[in-house]
Structure formats: C-alpha cells, structure tokens
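This is run_31.txt (compact mmCIF, C-alpha atoms).
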```txt
# COMPACT_ATOMS: atom_id res chain seq x y z
CA MET R 92 0.00 0.00 0.00
CA GLN R 93 1.35 3.46 -0.87
CA PHE R 94 0.66 6.60 1.10
CA PHE R 95 0.46 10.08 -0.40
CA ILE R 96 2.19 12.63 1.78
CA LYS R 97 1.91 16.35 0.96
CA TYR R 98 5.00 17.57 2.81
CA LYS R 99 8.70 16.73 2.73
CA VAL R 100 9.75 13.85 4.91
CA LYS R 101 12.77 14.58 7.14
CA ASN R 102 14.07 11.00 7.31
CA ARG R 103 13.04 7.37 6.88
CA ASN R 104 12.01 6.94 10.55
CA HIS R 105 9.80 10.02 10.33
CA LEU R 106 8.13 8.54 7.20
CA ILE R 107 7.56 5.18 8.89
CA ASN R 108 6.11 6.85 12.01
CA HIS R 109 3.84 9.07 9.90
CA CYS R 110 2.58 6.12 7.81
CA PHE R 111 1.93 4.05 10.93
CA ILE R 112 0.01 6.88 12.63
CA THR R 113 -1.95 7.60 9.43
CA ALA R 114 -2.86 3.92 9.02
CA LEU R 115 -3.96 3.60 12.66
CA SER R 116 -5.96 6.83 12.39
CA LEU R 117 -7.68 5.57 9.25
CA ILE R 118 -8.55 2.26 10.85
CA PHE R 119 -9.94 4.06 13.89
CA ILE R 120 -11.85 6.63 11.78
CA LEU R 121 -13.39 4.09 9.40
CA SER R 122 -14.29 1.59 12.05
CA PRO R 123 -17.65 2.25 13.66
CA ILE R 124 -16.50 -0.25 16.27
CA SER R 125 -14.14 2.46 17.58
CA VAL R 126 -17.15 4.43 18.81
CA GLY R 127 -18.39 1.31 20.59
CA ILE R 128 -15.00 0.73 22.18
CA LEU R 129 -14.99 4.28 23.50
CA LYS R 130 -18.46 3.68 24.97
CA GLY R 131 -17.36 0.39 26.56
CA GLU R 132 -19.35 -1.87 24.21
CA THR R 133 -17.84 -5.25 23.36
CA ALA R 134 -19.66 -6.55 20.28
CA PRO R 135 -20.58 -4.58 17.15
CA THR R 136 -24.25 -4.04 16.34
CA LYS R 137 -25.71 -4.66 12.88
CA ASN R 138 -24.79 -1.13 11.76
CA GLU R 139 -21.29 -1.29 13.27
CA ILE R 140 -19.84 -4.08 11.15
CA PRO R 141 -16.34 -3.03 10.03
CA ILE R 142 -15.24 -2.62 6.42
CA ASP R 143 -11.91 -4.18 5.42
CA ILE R 144 -10.56 -2.20 2.43
CA LYS R 145 -7.43 -3.14 0.51
CA SER R 146 -5.96 -1.02 -2.30
CA GLU R 147 -2.71 0.06 -3.91
CA ARG R 148 -3.04 3.61 -2.58
CA MET R 149 -4.96 5.42 0.18
CA VAL R 150 -5.36 9.19 0.59
CA SER R 151 -7.07 10.69 3.64
CA ASP R 152 -8.58 14.19 3.49
CA ASN R 153 -9.88 15.15 6.94
CA LYS R 154 -11.16 18.54 5.74
CA LYS R 155 -13.51 16.80 3.29
CA ASP R 156 -14.28 13.93 5.71
CA MET R 157 -13.20 11.52 2.98
CA VAL R 158 -10.77 8.68 2.46
CA SER R 159 -9.98 7.73 -1.14
CA PHE R 160 -8.71 4.28 -2.18
CA THR R 161 -7.32 3.65 -5.68
CA GLY R 162 -5.89 0.71 -7.57
CA ASN R 163 -7.47 -2.75 -7.41
CA VAL R 164 -9.77 -1.86 -4.52
CA VAL R 165 -11.36 -4.75 -2.64
CA ALA R 166 -13.74 -3.91 0.21
CA VAL R 167 -15.33 -6.59 2.39
CA ARG R 168 -18.15 -5.90 4.85
CA ASP R 169 -20.05 -8.83 6.31
CA LYS R 170 -21.46 -10.82 3.35
CA MET R 171 -20.74 -8.15 0.70
CA THR R 172 -17.52 -7.76 -1.31
CA THR R 173 -16.96 -4.79 -3.62
CA TYR R 174 -14.31 -4.57 -6.35
CA ALA R 175 -13.52 -1.27 -8.09
CA ASP R 176 -10.73 0.86 -9.54
CA LYS R 177 -11.49 3.65 -7.04
CA MET R 178 -13.52 3.96 -3.85
CA ASP R 179 -14.27 7.16 -1.90
CA VAL R 180 -15.54 6.71 1.66
CA TYR R 181 -17.29 9.75 3.16
CA THR R 182 -17.74 10.10 6.91
CA GLU R 183 -19.84 12.32 9.17
CA GLY R 184 -17.65 15.07 10.66
CA THR R 185 -16.33 14.46 14.15
CA SER R 186 -18.27 11.21 14.69
CA HIS R 187 -16.37 9.62 11.78
CA ARG R 188 -19.29 7.30 11.07
CA MET R 189 -19.48 6.16 7.48
CA LYS R 190 -22.04 8.15 5.49
CA MET R 191 -21.56 7.16 1.86
CA ILE R 192 -19.31 5.09 -0.39
CA ILE R 193 -18.83 5.92 -4.08
CA SER R 194 -17.07 3.24 -6.15
CA THR R 195 -16.03 3.86 -9.76
CA GLY R 196 -14.38 1.92 -12.55
CA ARG R 197 -15.21 -1.73 -13.27
CA VAL R 198 -17.45 -2.01 -10.21
CA LYS R 199 -18.47 -5.51 -9.18
CA ILE R 200 -20.39 -6.29 -6.00
CA ILE R 201 -20.95 -9.81 -4.75
CA VAL R 202 -23.49 -10.42 -1.97
CA ILE R 203 -23.85 -13.80 -0.29
CA ASP R 204 -27.44 -14.71 0.63
CA LYS R 205 -28.02 -14.47 4.40
CA GLU R 206 -30.22 -17.58 4.56
CA ASP R 207 -28.39 -19.76 2.01
CA PRO R 208 -24.62 -19.16 1.76
CA ASN R 209 -24.56 -21.19 -1.48
CA LYS R 210 -26.63 -18.47 -3.19
CA LYS R 211 -25.33 -15.07 -4.19
CA TRP R 212 -26.15 -12.14 -6.38
CA VAL R 213 -23.67 -10.14 -8.44
CA GLY R 214 -24.10 -6.48 -9.34
CA LYS R 215 -21.98 -4.68 -11.94
CA GLY R 216 -21.80 -1.13 -13.22
CA ASP R 217 -19.57 1.79 -14.11
CA GLU R 218 -20.30 3.34 -10.71
CA ALA R 219 -21.91 2.29 -7.43
CA ILE R 220 -23.17 4.55 -4.64
CA TYR R 221 -23.98 3.16 -1.20
CA GLU R 222 -25.89 5.51 1.12
CA LYS R 223 -25.87 4.30 4.70
CA GLU R 224 -28.81 6.39 5.99
CA SER R 225 -31.24 4.92 3.45
CA ASN R 226 -29.32 1.60 3.28
CA GLN R 227 -29.58 1.85 -0.49
CA LEU R 228 -27.18 0.73 -3.22
CA THR R 229 -27.35 2.33 -6.69
CA LEU R 230 -25.53 0.90 -9.71
CA ILE R 231 -25.07 3.43 -12.52
CA GLY R 232 -24.00 2.96 -16.15
CA ASN R 233 -24.20 -0.46 -17.82
CA ALA R 234 -25.79 -1.74 -14.63
CA SER R 235 -26.70 -5.40 -14.17
CA VAL R 236 -27.74 -7.67 -11.32
CA THR R 237 -27.60 -11.45 -11.64
CA ASP R 238 -29.17 -13.86 -9.15
CA GLU R 239 -28.34 -17.42 -10.15
CA LYS R 240 -29.80 -17.44 -13.72
CA ASN R 241 -32.05 -14.37 -13.44
CA THR R 242 -30.68 -11.06 -14.75
CA ILE R 243 -31.73 -7.42 -14.65
CA ASN R 244 -30.03 -4.92 -16.99
CA GLY R 245 -30.47 -1.16 -17.07
CA ASP R 246 -28.74 2.17 -17.05
CA ARG R 247 -29.43 2.55 -13.32
CA ILE R 248 -30.49 -0.06 -10.77
CA ILE R 249 -31.46 0.90 -7.22
CA TYR R 250 -31.55 -1.76 -4.51
CA ASN R 251 -33.06 -1.01 -1.09
CA ILE R 252 -31.31 -3.45 1.22
CA ASP R 253 -33.78 -3.21 4.14
CA GLN R 254 -36.89 -3.63 1.99
CA GLU R 255 -35.20 -6.12 -0.37
CA SER R 256 -36.68 -4.21 -3.31
CA MET R 257 -35.15 -3.25 -6.63
CA VAL R 258 -35.98 -0.71 -9.36
CA SER R 259 -34.30 -0.66 -12.78
CA TYR R 260 -34.27 2.34 -15.13
CA GLY R 261 -33.34 2.41 -18.80
CA LYS R 262 -32.18 5.42 -20.77
CA GLU R 263 -33.69 7.34 -23.69
CA ASN R 264 -32.84 4.84 -26.41
CA LYS R 265 -32.39 1.69 -24.34
CA ARG R 266 -35.03 0.19 -22.10
CA THR R 267 -34.44 -1.92 -19.01
CA GLU R 268 -34.36 -5.69 -19.55
CA THR R 269 -35.23 -8.51 -17.15
CA ILE R 270 -34.62 -12.20 -17.83
CA ILE R 271 -36.39 -14.60 -15.44
CA PHE R 272 -36.08 -18.38 -15.30
CA GLU R 273 -38.95 -20.24 -13.66
CA THR R 274 -38.14 -22.74 -10.97
CA LYS R 275 -39.77 -26.14 -11.19
```
Exercise: express the given structure as structure tokens:
Amino acid sequence: MQFFIKYKVKNRNHLINHCFITALSLIFILSPISVGILKGETAPTKNEIPIDIKSERMVSDNKKDMVSFTGNVVAVRDKMTTYADKMDVYTEGTSHRMKMIISTGRVKIIVIDKEDPNKKWVGKGDEAIYEKESNQLTLIGNASVTDEKNTINGDRIIYNIDQESMVSYGKENKRTETIIFETK
C-alpha cells in the first residue's frame, strides 16, 4: 500500500512513524467499532460491522471527511464484497461514522445470501453509490444484477437493502431488460 504525503519527509524513521500513525488513524476513523469501544461496548451491532478495504493507494482528506482508495480496490463488509478501480468513503464530521461510499471503474459487487450461503447475487456497473442512511445501493451505467440465472439490466439499478426491493431504469434509447427463469 502506498501513502500520499503532501509535505517533505525529514528522514526514513519520520516517514515510517507518519505512515503508521496515518494507518492507525484511518482504521480508527473508518471503524464504527471504535465508537463502541470508547463507549465500553464489546460486540458490534448490525450497523457497526467493520469494512476491510485493501488497495494500492490510500489518501485521507480530513477537511472533506473523505478517504480515497485507488488501484485494485477490494472492500469486504459482512457478506458483501466490492471490487472497483477507485472507492471514496465519506464520513460524518467528528463522529467519523461512514455516510456514503462511491465506487467507480469496473465495479463488481458480490453479496452472499443471508439464509443460504450457497446463493449469491452479483451487481456490476460503471459506478456504485452506497448511502448508509437509506441503506440503499445504486448501480449506474451499464448496470446489471444477476441472481443465479435471473438477470436485470439497465442504465441505473437501485436496490433497497432493508426492503429487499429493486428498481431498474433504462435510458432514452435503451429500455431496461429482465430475464427470469422459472423454478420447477
């Protein structure tokens, strides 16, 4: 993992210390569990499941409350894995709770079914936006969702995770398409 540093580094030890502190800060900022630890809680709640993000580069911008990951990004949270060229994670000011994730470039999201781990659905698109408050995932541009054999294609697909509902939108000259296989 590479770190982008905006100022001159005095020596190698200073660089190592800065990288270590930045990495620990990022882990603490991105982890909703940190808030629970500060409150004395021991186990994360449903909304406090950590995100494990791996990438070639990470840039933190505290003024924008954003952490940007680039280069072969892989993010794992519970039963969902996201692959993308770039991922921007936005947090809420001083609470540092995750607010939104925007993934761009060859986005692929794999979700394992909660009741049957042998089943999964795969979402693809040019861009994906996850909004935590509404617990909604939007795939944009060449969007598709495949569940076993069934497929939904559109320009934009919105999935409400809590309600387990999906809406697909086409564009001016291309309508949405759904292919459904009946089960016997």
Check the smallest atom-to-atom distance from each of R:Ser146, R:Gln227, R:Thr185, R:Ser151 to Val165 in chain R using all atoms listed in the file, then report the winner.
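Checking each of R:Ser146, R:Gln227, R:Thr185, R:Ser151 against Val165 in chain R, counting all atoms listed in the file, the winner is R:Ser146.
Nearest residue to Glu224 in chain R, choosing from R:Met171, R:Ile243, R:Ala166, R:Ile192 and counting only C-alpha atoms: R:Ile192.
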Would you list the contacts of Thr242 in chain R as a list in words, taking every protein, DNA or RNA residue within 9 Å and counting only C-alpha atoms, but skipping same-chain residues closer than 6 positions in sequence?
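The filter keeps Ser235, Val236, Glu268, Thr269, Ile270 and Ile271 of chain R.
When only C-alpha atoms are used to compute distances to Val180 in chain R, the closest of the residues R:Val213, R:Ile201, R:Ile144, R:Val167 turns out to be R:Ile144.
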Here is a test: counting all atoms listed in the file, which residue of R:Tyr260, R:Glu218, R:Thr161, R:Lys170 is nearest to Glu206 in chain R?
R:Lys170
Length of the CA of Arg188 in chain R to CA of Asp156 in chain R vector [Å]
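Atom-to-atom, CA of Arg188 in chain R to CA of Asp156 in chain R, that is 9.9 Å.
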Using all atoms listed in the file, find the one residue out of R:Ile231, R:Lys240, R:Val150, R:Pro141 that sits nearest to Lys210 in chain R.
R:Lys240
What is the CA of Ile248 in chain R to CA of Lys215 in chain R distance in Å?
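We find that CA of Ile248 in chain R and CA of Lys215 in chain R lie 9.8 Å from each other.
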Would you mind reading off the distance between CA of Ser159 in chain R and CA of Met191 in chain R, one decimal, in Å?
12.0 Å
For Tyr221 in chain R, which residue out of R:Val158, R:Met149, R:Ile140, R:Ile200 is the nearest one, using all atoms listed in the file?
R:Ile200
Shell around range 162-164 of chain R at 12 Å using all atoms listed in the file, local window under 3 positions removed, as number ranges by chain
R: 92-93, 143-150, 159, 167, 172-179, 193-200
For Ser259 in chain R, list every protein, DNA or RNA residue within 7 Å, evaluated using only C-alpha atoms, and leave out those in the same chain fewer than 6 positions away; present the list as a list of chain:residue names.
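The residues satisfying every condition are R:Gly245, R:Arg247, R:Ile248, R:Ile249, R:Thr267.
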What would the file look like if the residues just selected were written as a PDB file, in the frame of the given file with C-alpha atoms?
```pdb
ATOM      1  CA  GLY R 245     -30.470  -1.160 -17.070  1.00  0.00           C
ATOM      2  CA  ARG R 247     -29.430   2.550 -13.320  1.00  0.00           C
ATOM      3  CA  ILE R 248     -30.490  -0.060 -10.770  1.00  0.00           C
ATOM      4  CA  ILE R 249     -31.460   0.900  -7.220  1.00  0.00           C
ATOM      5  CA  THR R 267     -34.440  -1.920 -19.010  1.00  0.00           C
TER       6      THR R 267
END
```
